[in-house]
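With mmCIF, N, CA and C atoms inside, this is data22.cif:
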data_query
loop_
_atom_site.label_atom_id
_atom_site.label_comp_id
_atom_site.auth_asym_id
_atom_site.auth_seq_id
_atom_site.Cartn_x
_atom_site.Cartn_y
_atom_site.Cartn_z
N MET A 28 103.67 -6.30 -14.17
CA MET A 28 102.39 -5.60 -14.03
C MET A 28 101.97 -5.68 -12.56
N SER A 29 101.60 -4.55 -11.99
CA SER A 29 101.18 -4.51 -10.60
C SER A 29 99.66 -4.67 -10.50
N THR A 30 99.23 -5.18 -9.36
CA THR A 30 97.81 -5.34 -9.12
C THR A 30 97.29 -4.07 -8.47
N VAL A 31 96.23 -3.52 -9.02
CA VAL A 31 95.65 -2.30 -8.50
C VAL A 31 94.25 -2.62 -8.00
N THR A 32 93.94 -2.20 -6.80
CA THR A 32 92.61 -2.38 -6.26
C THR A 32 91.89 -1.05 -6.30
N PRO A 33 90.56 -1.04 -6.25
CA PRO A 33 89.84 0.23 -6.27
C PRO A 33 90.24 1.17 -5.15
N LEU A 34 90.71 0.62 -4.02
CA LEU A 34 91.06 1.48 -2.89
C LEU A 34 92.28 2.35 -3.18
N ASN A 35 93.24 1.83 -3.95
CA ASN A 35 94.41 2.65 -4.24
C ASN A 35 94.40 3.17 -5.67
N ALA A 36 93.34 2.91 -6.42
CA ALA A 36 93.25 3.40 -7.80
C ALA A 36 93.18 4.93 -7.84
N ALA A 37 92.59 5.55 -6.83
CA ALA A 37 92.48 7.01 -6.79
C ALA A 37 93.87 7.64 -6.76
N ASN A 38 94.83 7.00 -6.11
CA ASN A 38 96.18 7.53 -6.06
C ASN A 38 96.81 7.56 -7.45
N ASP A 39 96.53 6.55 -8.28
CA ASP A 39 97.08 6.49 -9.62
C ASP A 39 96.47 7.55 -10.53
N LYS A 40 95.22 7.94 -10.28
CA LYS A 40 94.57 8.96 -11.09
C LYS A 40 95.31 10.29 -10.96
N LYS A 41 95.78 10.59 -9.77
CA LYS A 41 96.49 11.84 -9.55
C LYS A 41 97.82 11.87 -10.28
N SER A 42 98.47 10.71 -10.40
CA SER A 42 99.78 10.68 -11.04
C SER A 42 99.69 10.56 -12.55
N GLY A 43 98.49 10.27 -13.10
CA GLY A 43 98.33 10.18 -14.53
C GLY A 43 98.79 8.87 -15.12
N LYS A 44 98.89 7.83 -14.29
CA LYS A 44 99.31 6.52 -14.75
C LYS A 44 98.11 5.60 -14.91
N CYS A 45 98.22 4.68 -15.85
CA CYS A 45 97.19 3.68 -16.08
C CYS A 45 97.04 2.80 -14.84
N ASN A 46 95.82 2.53 -14.44
CA ASN A 46 95.56 1.71 -13.26
C ASN A 46 95.91 0.25 -13.47
N ILE A 47 96.07 -0.18 -14.72
CA ILE A 47 96.35 -1.59 -15.00
C ILE A 47 97.84 -1.84 -15.23
N CYS A 48 98.44 -1.09 -16.14
CA CYS A 48 99.84 -1.39 -16.50
C CYS A 48 100.85 -0.35 -16.03
N GLY A 49 100.40 0.83 -15.61
CA GLY A 49 101.31 1.85 -15.11
C GLY A 49 101.85 2.80 -16.15
N LYS A 50 101.50 2.60 -17.42
CA LYS A 50 101.93 3.53 -18.47
C LYS A 50 101.18 4.85 -18.31
N PRO A 51 101.65 5.92 -18.93
CA PRO A 51 100.93 7.19 -18.86
C PRO A 51 99.52 7.04 -19.44
N SER A 52 98.54 7.63 -18.77
CA SER A 52 97.15 7.50 -19.23
C SER A 52 96.91 8.33 -20.48
N ASP A 53 95.97 7.89 -21.29
CA ASP A 53 95.58 8.57 -22.52
C ASP A 53 94.25 9.28 -22.23
N GLN A 54 94.13 10.52 -22.63
CA GLN A 54 92.92 11.31 -22.38
C GLN A 54 91.67 10.59 -22.89
N LYS A 55 91.79 9.89 -24.01
CA LYS A 55 90.65 9.19 -24.60
C LYS A 55 90.15 8.05 -23.72
N TYR A 56 91.05 7.38 -22.98
CA TYR A 56 90.69 6.21 -22.17
C TYR A 56 90.89 6.46 -20.68
N LYS A 57 91.07 7.67 -20.28
CA LYS A 57 91.39 8.03 -18.90
C LYS A 57 90.47 7.32 -17.92
N PRO A 58 90.96 6.70 -16.88
CA PRO A 58 92.31 6.74 -16.32
C PRO A 58 93.24 5.67 -16.89
N PHE A 59 92.88 5.05 -17.99
CA PHE A 59 93.70 4.00 -18.58
C PHE A 59 94.52 4.54 -19.74
N CYS A 60 95.44 3.70 -20.24
CA CYS A 60 96.29 4.11 -21.36
C CYS A 60 95.73 3.65 -22.70
N SER A 61 94.85 2.67 -22.68
CA SER A 61 94.34 2.10 -23.93
C SER A 61 93.00 1.41 -23.70
N LYS A 62 92.34 1.07 -24.78
CA LYS A 62 91.08 0.33 -24.69
C LYS A 62 91.33 -1.04 -24.07
N ARG A 63 92.47 -1.64 -24.38
CA ARG A 63 92.79 -2.95 -23.83
C ARG A 63 92.81 -2.91 -22.30
N CYS A 64 93.49 -1.92 -21.72
CA CYS A 64 93.56 -1.83 -20.26
C CYS A 64 92.18 -1.51 -19.67
N ALA A 65 91.39 -0.70 -20.35
CA ALA A 65 90.03 -0.42 -19.89
C ALA A 65 89.20 -1.70 -19.89
N ASP A 66 89.38 -2.53 -20.92
CA ASP A 66 88.65 -3.81 -21.00
C ASP A 66 89.13 -4.80 -19.94
N VAL A 67 90.42 -4.79 -19.64
CA VAL A 67 90.95 -5.65 -18.57
C VAL A 67 90.30 -5.28 -17.25
N ASP A 68 90.19 -3.98 -16.97
CA ASP A 68 89.57 -3.52 -15.73
C ASP A 68 88.09 -3.90 -15.69
N LEU A 69 87.38 -3.72 -16.79
CA LEU A 69 85.97 -4.11 -16.85
C LEU A 69 85.81 -5.59 -16.59
N ASN A 70 86.68 -6.41 -17.17
CA ASN A 70 86.62 -7.85 -16.96
C ASN A 70 86.84 -8.20 -15.48
N ARG A 71 87.75 -7.47 -14.84
CA ARG A 71 87.98 -7.72 -13.40
C ARG A 71 86.74 -7.39 -12.59
N TRP A 72 86.06 -6.28 -12.92
CA TRP A 72 84.83 -5.91 -12.21
C TRP A 72 83.75 -6.97 -12.44
N LEU A 73 83.56 -7.36 -13.69
CA LEU A 73 82.52 -8.32 -14.02
C LEU A 73 82.82 -9.71 -13.46
N GLY A 74 84.10 -10.03 -13.33
CA GLY A 74 84.51 -11.32 -12.80
C GLY A 74 84.50 -11.40 -11.29
N GLY A 75 84.24 -10.27 -10.62
CA GLY A 75 84.18 -10.27 -9.16
C GLY A 75 85.53 -10.12 -8.47
N ASN A 76 86.57 -9.74 -9.21
CA ASN A 76 87.88 -9.59 -8.60
C ASN A 76 87.96 -8.43 -7.62
N TYR A 77 87.09 -7.45 -7.75
CA TYR A 77 87.12 -6.28 -6.87
C TYR A 77 86.07 -6.37 -5.76
N ARG A 78 85.50 -7.53 -5.56
CA ARG A 78 84.46 -7.67 -4.53
C ARG A 78 85.08 -7.62 -3.14
N ILE A 79 84.27 -7.29 -2.18
CA ILE A 79 84.70 -7.26 -0.79
C ILE A 79 84.30 -8.58 -0.15
N PRO A 80 85.25 -9.36 0.33
CA PRO A 80 84.93 -10.66 0.95
C PRO A 80 84.06 -10.47 2.19
N THR A 81 83.18 -11.43 2.42
CA THR A 81 82.30 -11.36 3.58
C THR A 81 82.13 -12.75 4.18
N ASP A 82 81.78 -12.78 5.47
CA ASP A 82 81.52 -14.04 6.15
C ASP A 82 80.03 -14.29 6.31
N GLU A 83 79.20 -13.42 5.74
CA GLU A 83 77.76 -13.57 5.87
C GLU A 83 77.29 -14.80 5.11
N PRO A 84 76.42 -15.62 5.73
CA PRO A 84 75.94 -16.82 5.05
C PRO A 84 74.97 -16.48 3.92
N GLY A 85 75.04 -17.26 2.85
CA GLY A 85 74.08 -17.13 1.77
C GLY A 85 74.41 -16.08 0.73
N ILE A 86 75.38 -15.25 0.97
CA ILE A 86 75.69 -14.20 0.01
C ILE A 86 76.20 -14.80 -1.30
N ALA A 87 77.07 -15.80 -1.22
CA ALA A 87 77.63 -16.40 -2.43
C ALA A 87 76.56 -17.13 -3.24
N ASN A 88 75.61 -17.75 -2.55
CA ASN A 88 74.57 -18.50 -3.25
C ASN A 88 73.39 -17.64 -3.67
N ASP A 89 73.23 -16.49 -3.06
CA ASP A 89 72.08 -15.62 -3.33
C ASP A 89 72.54 -14.16 -3.43
N PRO A 90 73.24 -13.81 -4.51
CA PRO A 90 73.83 -12.47 -4.60
C PRO A 90 72.83 -11.33 -4.64
N TYR A 91 71.57 -11.60 -4.95
CA TYR A 91 70.57 -10.54 -5.05
C TYR A 91 69.67 -10.47 -3.81
N GLY A 92 69.93 -11.31 -2.82
CA GLY A 92 69.17 -11.26 -1.58
C GLY A 92 67.72 -11.68 -1.71
N GLU A 93 67.45 -12.61 -2.60
CA GLU A 93 66.07 -13.02 -2.83
C GLU A 93 65.61 -14.12 -1.90
N GLU A 94 66.54 -14.85 -1.28
CA GLU A 94 66.15 -15.90 -0.34
C GLU A 94 65.85 -15.29 1.02
N GLU A 95 64.92 -15.90 1.73
CA GLU A 95 64.63 -15.46 3.09
C GLU A 95 65.25 -16.44 4.06
N TYR A 96 65.78 -15.92 5.15
CA TYR A 96 66.43 -16.76 6.14
C TYR A 96 65.63 -16.83 7.40
#

Serialized structure, structure tokens:
Amino acid sequence: MSTVTPLNAANDKKSGKCNICGKPSDQKYKPFCSKRCADVDLNRWLGGNYRIPTDEPGIANDPYGEEEY
């Protein structure tokens, strides 16, 4: 299984392959092949796997920007 990031996911949409496992996508779950792959992708988003790393202080401890510096 290959790792797909949001930056290259657009390329997979054009080819009709699932962004998670590479199988042909199903119209019902597009751009994925199944509910399972759609759920895997959702879990990656919710788990922060697609976040953009930053060196800014306080971002990890205050994700909503509520603290004042």

Practice item. Skip segment 65-76 of chain A itself and residues of its chain fewer than 5 positions away, then list as a list in words all residues within 7 Å of it, counting all atoms listed in the file. Key: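 What passes the distance filter is Ile47, Tyr56, Phe59 and Cys60 of chain A.
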
Exercise for review: Report as a list in words the full result of the PyMOL selection byres ((chain A and resi 58) around 6.5) when it is applied to this structure.
Suggested key: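 When the PyMOL selection byres ((chain A and resi 58) around 6.5) is applied, the selected residues are Lys40, Lys44, Cys45, Asn46, Ser52, Asp53, Tyr56, Lys57, Phe59 and Cys60 of chain A.
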
Practice item. For atom N of Cys48 of chain A and atom N of Pro80 of chain A, determine how far apart the two atoms are, in Å to one decimal place. Key: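 We find that atom N of Cys48 of chain A and atom N of Pro80 of chain A lie 22.7 Å from each other.
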
Practice item. Could you jot down the atom C of Lys50 of chain A to atom C of Cys64 of chain A separation for me, Å, one decimal place? Key: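 It comes out at 11.1 Å.
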
Practice item. Please measure the separation of atom CA of Ser61 of chain A and atom N of Gly43 of chain A, giving the value in Å to one decimal. Key: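 Between atom CA of Ser61 of chain A and atom N of Gly43 of chain A the gap is 14.2 Å.
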
Practice item. Run DSSP on the backbone and grab whatever in segment 42-82 of chain A lands in alpha helix (DSSP H); send it over as a list in words. Key: Ser42, Lys62, Arg63, Cys64, Ala65, Asp66, Val67, Asp68, Leu69, Asn70, Arg71, Trp72 and Leu73 of chain A

Take every atom of segment 76-81 of chain A listed in the file, pad by 5 Å on each side, and give me the axis-aligned box centre and edge lengths in Å, one decimal, as AutoDock Vina command-line options.
--center_x 85.0 --center_y -9.5 --center_z -2.5 --size_x 15.8 --size_y 16.5 --size_z 23.4
